[in-house]
Structures are given as C-alpha cells and as structure tokens.
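Below is entry-v3.cif, holding mmCIF, C-alpha atoms.
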data_run
#
loop_
_atom_site.group_PDB
_atom_site.id
_atom_site.type_symbol
_atom_site.label_atom_id
_atom_site.label_comp_id
_atom_site.auth_asym_id
_atom_site.auth_seq_id
_atom_site.Cartn_x
_atom_site.Cartn_y
_atom_site.Cartn_z
ATOM 1 C CA MET A 95 -24.095 49.620 7.253
ATOM 2 C CA LYS A 96 -24.722 45.858 7.404
ATOM 3 C CA LYS A 97 -21.854 45.183 4.976
ATOM 4 C CA LYS A 98 -19.424 46.972 7.343
ATOM 5 C CA ASP A 99 -20.715 44.937 10.289
ATOM 6 C CA ALA A 100 -20.413 41.672 8.367
ATOM 7 C CA PHE A 101 -16.850 42.562 7.343
ATOM 8 C CA ALA A 102 -15.861 43.469 10.907
ATOM 9 C CA GLN A 103 -17.431 40.295 12.282
ATOM 10 C CA ALA A 104 -15.689 38.076 9.691
ATOM 11 C CA ALA A 105 -12.355 39.840 10.218
ATOM 12 C CA LEU A 106 -12.483 39.688 13.996
ATOM 13 C CA ALA A 107 -13.411 35.991 13.895
ATOM 14 C CA GLU A 108 -9.859 35.380 12.587
ATOM 15 C CA LEU A 109 -8.107 37.438 15.284
ATOM 16 C CA ASP A 110 -6.844 34.566 17.479
ATOM 17 C CA ARG A 111 -5.686 32.503 14.514
ATOM 18 C CA LEU A 112 -3.969 35.509 12.956
ATOM 19 C CA TYR A 113 -2.223 36.405 16.230
ATOM 20 C CA SER A 114 -1.028 32.824 16.656
ATOM 21 C CA ALA A 115 0.434 32.828 13.147
ATOM 22 C CA ALA A 116 2.050 36.225 13.714
ATOM 23 C CA HIS A 117 3.577 35.061 16.993
ATOM 24 C CA ARG A 118 5.097 31.994 15.315
ATOM 25 C CA LEU A 119 6.546 34.191 12.604
ATOM 26 C CA CYS A 120 7.946 36.905 14.904
ATOM 27 C CA TRP A 121 8.625 34.959 18.141
ATOM 28 C CA SER A 122 7.763 38.058 20.132
ATOM 29 C CA PRO A 123 4.334 38.802 21.619
ATOM 30 C CA GLN A 124 4.793 42.553 21.210
ATOM 31 C CA GLU A 125 5.918 42.273 17.591
ATOM 32 C CA ALA A 126 3.071 39.847 16.859
ATOM 33 C CA GLU A 127 0.546 42.291 18.341
ATOM 34 C CA ASP A 128 2.005 45.142 16.275
ATOM 35 C CA LEU A 129 1.925 42.995 13.154
ATOM 36 C CA VAL A 130 -1.698 41.951 13.695
ATOM 37 C CA GLN A 131 -2.631 45.568 14.349
ATOM 38 C CA GLU A 132 -1.016 46.571 11.047
ATOM 39 C CA VAL A 133 -2.876 43.772 9.259
ATOM 40 C CA TYR A 134 -6.252 44.846 10.655
ATOM 41 C CA ALA A 135 -5.589 48.534 9.956
ATOM 42 C CA HIS A 136 -4.755 47.613 6.369
ATOM 43 C CA ALA A 137 -7.736 45.257 6.112
ATOM 44 C CA PHE A 138 -10.260 47.834 7.297
ATOM 45 C CA GLU A 139 -8.721 50.471 5.052
ATOM 46 C CA LYS A 140 -8.919 48.155 2.004
ATOM 47 C CA ARG A 141 -12.136 46.305 2.921
ATOM 48 C CA ASN A 142 -13.802 47.313 -0.364
ATOM 49 C CA GLN A 143 -11.251 45.177 -2.246
ATOM 50 C CA LEU A 144 -12.531 41.967 -0.653
ATOM 51 C CA LEU A 145 -15.681 41.056 -2.539
ATOM 52 C CA ASP A 146 -16.258 37.611 -0.993
ATOM 53 C CA LEU A 147 -16.200 37.424 2.812
ATOM 54 C CA ALA A 148 -15.719 33.658 2.564
ATOM 55 C CA LYS A 149 -12.154 34.441 1.434
ATOM 56 C CA MET A 150 -11.442 36.558 4.521
ATOM 57 C CA ARG A 151 -9.053 34.055 6.153
ATOM 58 C CA GLY A 152 -6.795 33.733 3.111
ATOM 59 C CA TRP A 153 -6.913 37.476 2.467
ATOM 60 C CA LEU A 154 -5.902 38.311 6.041
ATOM 61 C CA HIS A 155 -3.119 35.713 6.072
ATOM 62 C CA ARG A 156 -1.795 36.967 2.737
ATOM 63 C CA THR A 157 -1.746 40.469 4.228
ATOM 64 C CA LEU A 158 -0.014 39.098 7.337
ATOM 65 C CA ASN A 159 2.604 37.385 5.201
ATOM 66 C CA ARG A 160 3.307 40.591 3.261
ATOM 67 C CA LYS A 161 3.417 42.754 6.385
ATOM 68 C CA PHE A 162 5.785 40.240 8.012
ATOM 69 C CA ILE A 163 8.156 40.415 5.036
ATOM 70 C CA ASP A 164 8.017 44.226 5.193
ATOM 71 C CA HIS A 165 8.696 43.987 8.938
ATOM 72 C CA LEU A 166 11.758 41.766 8.330
ATOM 73 C CA ARG A 167 13.150 44.136 5.720
ATOM 74 C CA LYS A 168 12.692 47.101 8.042
ATOM 75 C CA LYS A 169 14.262 45.174 10.930
ATOM 76 C CA GLN A 170 17.329 44.290 8.832
ATOM 77 C CA ARG A 171 17.914 47.986 8.172
ATOM 78 C CA THR A 172 17.576 48.949 11.865
ATOM 79 C CA PRO A 173 20.367 48.139 14.359
ATOM 80 C CA THR A 174 19.285 46.396 17.576
ATOM 81 C CA LEU A 175 20.168 48.024 20.895
ATOM 82 C CA VAL A 176 20.176 45.932 24.059
ATOM 83 C CA SER A 177 20.151 47.308 27.599
ATOM 84 C CA VAL A 178 21.443 45.293 30.553
ATOM 85 C CA ASP A 179 20.530 47.868 33.209
ATOM 86 C CA GLY A 180 18.561 46.497 36.121
ATOM 87 C CA LEU A 181 19.390 42.845 35.549
ATOM 88 C CA GLU A 182 20.037 41.001 38.802
ATOM 89 C CA ASP A 183 20.262 37.401 39.967
ATOM 90 C CA TYR A 184 17.515 36.218 42.295
ATOM 91 C CA GLU A 185 17.350 33.081 44.438
ATOM 92 C CA VAL A 186 13.971 31.670 45.379
ATOM 93 C CA PRO A 187 13.506 28.785 47.857
ATOM 94 C CA ILE A 188 11.622 25.855 46.319
ATOM 95 C CA SER A 189 9.908 22.755 47.786
ATOM 96 C CA GLU A 190 10.327 19.150 46.530
ATOM 97 C CA SER A 191 6.889 19.056 44.892
ATOM 98 C CA ASP A 192 7.527 22.407 43.248
ATOM 99 C CA LEU A 193 10.903 21.090 42.085
ATOM 100 C CA ARG A 194 9.219 18.154 40.293
ATOM 101 C CA ILE A 195 6.790 20.542 38.619
ATOM 102 C CA VAL A 196 9.626 22.820 37.599
ATOM 103 C CA GLU A 197 11.599 19.865 36.223
ATOM 104 C CA SER A 198 8.590 18.661 34.226
ATOM 105 C CA ASN A 199 8.018 22.167 32.898
ATOM 106 C CA ARG A 200 11.684 22.491 31.925
ATOM 107 C CA ILE A 201 11.525 19.266 29.902
ATOM 108 C CA GLU A 202 8.382 20.471 28.144
ATOM 109 C CA GLU A 203 9.948 23.895 27.531
ATOM 110 C CA ALA A 204 13.127 22.277 26.190
ATOM 111 C CA LEU A 205 11.104 20.241 23.702
ATOM 112 C CA GLN A 206 9.116 23.317 22.718
ATOM 113 C CA GLU A 207 12.350 25.284 22.301
ATOM 114 C CA GLU A 208 13.796 22.594 20.036
ATOM 115 C CA VAL A 209 10.692 22.604 17.848
ATOM 116 C CA GLU A 210 10.746 26.410 17.718
ATOM 117 C CA MET A 211 14.469 26.363 16.885
ATOM 118 C CA ALA A 212 13.833 23.879 14.077
ATOM 119 C CA LEU A 213 11.075 26.166 12.799
ATOM 120 C CA ARG A 214 13.348 29.215 12.994
ATOM 121 C CA LYS A 215 16.021 27.423 10.950
ATOM 122 C CA LEU A 216 13.633 27.051 8.028
ATOM 123 C CA PRO A 217 13.840 29.499 5.134
ATOM 124 C CA GLU A 218 11.146 32.201 5.353
ATOM 125 C CA ASP A 219 9.003 30.732 2.576
ATOM 126 C CA GLN A 220 8.925 27.288 4.223
ATOM 127 C CA ARG A 221 8.389 28.700 7.733
ATOM 128 C CA ALA A 222 5.439 30.793 6.591
ATOM 129 C CA ILE A 223 3.759 27.772 5.006
ATOM 130 C CA VAL A 224 4.318 25.584 8.103
ATOM 131 C CA VAL A 225 2.834 28.312 10.317
ATOM 132 C CA LEU A 226 -0.148 28.803 8.015
ATOM 133 C CA ARG A 227 -0.834 25.037 7.775
ATOM 134 C CA GLU A 228 0.072 23.635 11.190
ATOM 135 C CA ILE A 229 -0.668 26.574 13.464
ATOM 136 C CA SER A 230 -3.355 28.542 11.641
ATOM 137 C CA GLY A 231 -4.987 25.446 10.177
ATOM 138 C CA LEU A 232 -5.383 26.837 6.675
ATOM 139 C CA THR A 233 -6.114 24.502 3.781
ATOM 140 C CA TYR A 234 -3.641 24.145 0.920
ATOM 141 C CA GLU A 235 -5.916 26.314 -1.218
ATOM 142 C CA GLU A 236 -6.085 29.046 1.453
ATOM 143 C CA ILE A 237 -2.291 28.956 1.849
ATOM 144 C CA SER A 238 -1.974 29.188 -1.924
ATOM 145 C CA GLU A 239 -4.133 32.288 -1.891
ATOM 146 C CA ALA A 240 -2.332 33.785 1.126
ATOM 147 C CA THR A 241 1.149 33.298 -0.341
ATOM 148 C CA SER A 242 0.265 33.809 -4.023
ATOM 149 C CA CYS A 243 1.845 30.421 -4.840
ATOM 150 C CA PRO A 244 0.295 27.520 -6.746
ATOM 151 C CA VAL A 245 -1.084 24.704 -4.579
ATOM 152 C CA GLY A 246 1.635 22.342 -5.874
ATOM 153 C CA THR A 247 4.323 24.762 -4.674
ATOM 154 C CA VAL A 248 2.621 24.997 -1.284
ATOM 155 C CA ARG A 249 2.603 21.200 -0.974
ATOM 156 C CA SER A 250 6.248 20.820 -2.008
ATOM 157 C CA ARG A 251 7.434 23.612 0.322
ATOM 158 C CA LEU A 252 5.493 22.101 3.199
ATOM 159 C CA SER A 253 6.973 18.674 2.488
ATOM 160 C CA ARG A 254 10.484 20.139 2.298
ATOM 161 C CA ALA A 255 9.910 22.110 5.502
ATOM 162 C CA ARG A 256 8.710 19.028 7.366
ATOM 163 C CA ARG A 257 11.776 17.061 6.202
ATOM 164 C CA ASN A 258 14.076 19.903 7.270
ATOM 165 C CA MET A 259 12.431 20.122 10.690
ATOM 166 C CA GLN A 260 12.606 16.345 11.109
ATOM 167 C CA LYS A 261 16.317 16.383 10.273
ATOM 168 C CA SER A 262 16.965 19.265 12.655
ATOM 169 C CA LEU A 263 15.069 17.586 15.506
ATOM 170 C CA TYR A 264 16.811 14.265 14.827
ATOM 171 C CA GLU A 265 20.231 15.974 14.994
ATOM 172 C CA CYS A 266 19.207 17.520 18.313
ATOM 173 C CA ALA A 267 18.160 14.097 19.637
ATOM 174 C CA VAL A 268 21.557 12.648 18.683
ATOM 175 C CA GLU A 269 23.370 15.588 20.333
ATOM 176 C CA ARG A 270 21.371 15.173 23.543
ATOM 177 C CA GLY A 271 21.939 11.423 23.633
ATOM 178 C CA ILE A 272 18.267 10.574 23.141
ATOM 179 C CA VAL A 273 19.241 8.587 20.051
ATOM 180 C CA ASN A 274 22.546 6.737 20.238
ATOM 181 C CA ARG A 275 25.066 6.341 17.429
ATOM 182 C CA LYS A 276 24.107 2.698 16.798
ATOM 183 C CA GLU A 277 20.483 3.704 16.125
ATOM 184 C CA GLU A 278 21.774 6.478 13.896
ATOM 185 C CA ILE A 279 23.897 4.028 11.884
ATOM 186 C CA ASP A 280 20.995 1.538 11.695
ATOM 187 C CA ARG A 281 18.808 4.277 10.223
ATOM 188 C CA GLY A 282 21.484 5.021 7.648
ATOM 189 C CA THR A 283 21.688 8.716 8.542
ATOM 190 C CA SER A 284 25.331 8.999 9.502
#

If you convert what's in this file into structure tokens, what do you get?
Amino acid sequence: MKKKDAFAQAALAELDRLYSAAHRLCWSPQEAEDLVQEVYAHAFEKRNQLLDLAKMRGWLHRTLNRKFIDHLRKKQRTPTLVSVDGLEDYEVPISESDLRIVESNRIEEALQEEVEMALRKLPEDQRAIVVLREISGLTYEEISEATSCPVGTVRSRLSRARRNMQKSLYECAVERGIVNRKEEIDRGTS
C-alpha cells in the first residue's frame, strides 16, 4: 500500500508543472486539462512500469508528449465547427485610471501574444523541447528521456528553436516599428 501512496504523491507533485506544459502545447485550458487527465489516467494504469520514482517527471512528460501527438493526429482528422450564436457587442464605461491599467495590460498581453505566436510557429519537435525546458524547467537529461532523443539532439533543437523565436520576434519588432530599418541594416539582417 505504501508503494501506491508514494507513486501517487510523486505523480501529483508534478501536476502544476505538467498542466503548464500541456497548456503551452495546446493553447487551450480545457484541452490542457483533458490532456493532463489522460496522462494521469495512463500513468496510474501503467504505474508498475516505473521502477524508479526519481524518474517520475521525465516519465510523465514523455507520456504528455506522446498523448499530445496523439491528440494532434486526432484533431487533424476531426473537422472544427464554430458557433457564432449569442455573440453581441457590449460597451462598458471606463474611468481614466482604469484606462491606464487597461492600456498597460494590453501592452503586456500584446507582448505575451507575440511570444506565444513565435512559439506556435515552431515545428512540433522544437516547441515541445522549449516548453519542457523553459516552462516545465526540465533538465536536458529529463527532456532527453521525455522525448526519447539523445541529449545532443535536445540541445541542438533547443538552440534552433531559440534562434527561430528570436527571428520571429525581431520581425515582429520591425513590423511594429519598434526597430527601425536603419537598425535592421546595421545588424545585417535585411
């Protein structure tokens, strides 16, 4: 009975980290919750396969990665239906101080959206590694275990992903006028 308790405790200790990774992969809270639920159902069903609880994090993230890929494949086969019933425009009066807060929040949201868009543009293998490293905080070795890739491959994919995100964010900065053409030419990126 103690082994079951230790497994449950180790598995549940990773819940927040696993949900965060799932949310960054799916971009939908509901889909992330469903994905995490599938991972935990699978984990508890297959708990006898994990012999070393110290490897729980990598094992759960590997399961998450596989379930996410299965989820994507299933989603590609299923058409998406969108309903526009009940959508209406609302106007809400707003004070000056609230307006400044809203403006500040919009800037922060815009930056967050650009980072998320850059992350979404990455190929699946690169995106998964960025999420596992930067959001879940896994080590290169844990990512290697979770993705079944050698550590060298993990490092190169992460490096490539970071370069791709940097390029995407730089292009956005040029488009928004944050970086002007002269700076772009000086950097030798045009």

Check: Skipping near chain neighbours, those fewer than 6 positions away, what residues fall within 10 Å of Pro217 of chain A using all atoms listed in the file, listed as a list in words?
Finding: Arg251, Ala255 and Asn258 of chain A

Checklist line | Between atom CA of Arg227 of chain A and atom CA of Met259 of chain A, distance in Å (one decimal) | finding: 14.4 Å

I'd like to see the residues matched by the PyMOL selection byres ((chain A and resi 254) around 12) on this file, and ideally I'd get them as a PDB file with C-alpha atoms, keeping the file's coordinate frame.
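Contents of the output file out.pdb:
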ATOM      1  CA  LEU A 216      13.633  27.051   8.028  1.00  0.00           C
ATOM      2  CA  PRO A 217      13.840  29.499   5.134  1.00  0.00           C
ATOM      3  CA  ASP A 219       9.003  30.732   2.576  1.00  0.00           C
ATOM      4  CA  GLN A 220       8.925  27.288   4.223  1.00  0.00           C
ATOM      5  CA  ARG A 221       8.389  28.700   7.733  1.00  0.00           C
ATOM      6  CA  ILE A 223       3.759  27.772   5.006  1.00  0.00           C
ATOM      7  CA  VAL A 224       4.318  25.584   8.103  1.00  0.00           C
ATOM      8  CA  THR A 247       4.323  24.762  -4.674  1.00  0.00           C
ATOM      9  CA  VAL A 248       2.621  24.997  -1.284  1.00  0.00           C
ATOM     10  CA  ARG A 249       2.603  21.200  -0.974  1.00  0.00           C
ATOM     11  CA  SER A 250       6.248  20.820  -2.008  1.00  0.00           C
ATOM     12  CA  ARG A 251       7.434  23.612   0.322  1.00  0.00           C
ATOM     13  CA  LEU A 252       5.493  22.101   3.199  1.00  0.00           C
ATOM     14  CA  SER A 253       6.973  18.674   2.488  1.00  0.00           C
ATOM     15  CA  ALA A 255       9.910  22.110   5.502  1.00  0.00           C
ATOM     16  CA  ARG A 256       8.710  19.028   7.366  1.00  0.00           C
ATOM     17  CA  ARG A 257      11.776  17.061   6.202  1.00  0.00           C
ATOM     18  CA  ASN A 258      14.076  19.903   7.270  1.00  0.00           C
ATOM     19  CA  MET A 259      12.431  20.122  10.690  1.00  0.00           C
ATOM     20  CA  GLN A 260      12.606  16.345  11.109  1.00  0.00           C
ATOM     21  CA  LYS A 261      16.317  16.383  10.273  1.00  0.00           C
TER      22      LYS A 261
END

Checklist line | Contacts of Arg141 of chain A within 9 Å, all atoms listed in the file, excl. fewer than 5 positions in-chain, as a list in words | finding: Lys98, Phe101 and His136 of chain A

Selection: 9 Å around Leu158 of chain A, all atoms listed in the file, excl. self and same-chain fewer than 3 positions, as a CSV table (one decimal) with C-alpha atoms, keeping the file's coordinate frame:
chain,number,residue,atom,x,y,z
A,112,LEU,CA,-4.0,35.5,13.0
A,115,ALA,CA,0.4,32.8,13.1
A,116,ALA,CA,2.0,36.2,13.7
A,129,LEU,CA,1.9,43.0,13.2
A,130,VAL,CA,-1.7,42.0,13.7
A,132,GLU,CA,-1.0,46.6,11.0
A,133,VAL,CA,-2.9,43.8,9.3
A,153,TRP,CA,-6.9,37.5,2.5
A,154,LEU,CA,-5.9,38.3,6.0
A,155,HIS,CA,-3.1,35.7,6.1
A,161,LYS,CA,3.4,42.8,6.4
A,162,PHE,CA,5.8,40.2,8.0
A,163,ILE,CA,8.2,40.4,5.0
A,240,ALA,CA,-2.3,33.8,1.1

Notebook entry, point to check: atom CA of Glu236 of chain A to atom CA of Ala148 of chain A: how many Å, to one decimal?
Noted result: 10.7 Å

Notebook entry, point to check: How far is it from atom CA of Cys243 of chain A to atom CA of Arg118 of chain A, in Å with one decimal?
Noted result: 20.5 Å

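The smallest atom-to-atom distance between Leu166 of chain A and any of A:Leu119, A:Val273, A:Leu263, A:Ala107, using all atoms listed in the file, is found for A:Leu119.
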
Checklist line | All residues 8 Å or closer to Thr241 of chain A, all atoms listed in the file, same chain fewer than 4 positions away omitted, as a PyMOL selection string | finding: chain A and resi 156+159+237

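The nearest approach to Arg160 of chain A among the residues A:Leu205, A:Ala222, A:Leu213, A:Ala105, with all atoms listed in the file taken into account, belongs to A:Ala222.
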
Notebook entry, point to check: So which one's closest to Cys120 of chain A, A:Arg270, A:Arg214, A:Arg171, A:Lys140? Using only C-alpha atoms, please.
Noted result: A:Arg214

Notebook entry, point to check: Out of A:Leu144, A:Ala267, A:Ile272, A:Leu226, which residue has the shortest atom-to-atom distance to Ala100 of chain A when counting all atoms listed in the file?
Noted result: A:Leu144
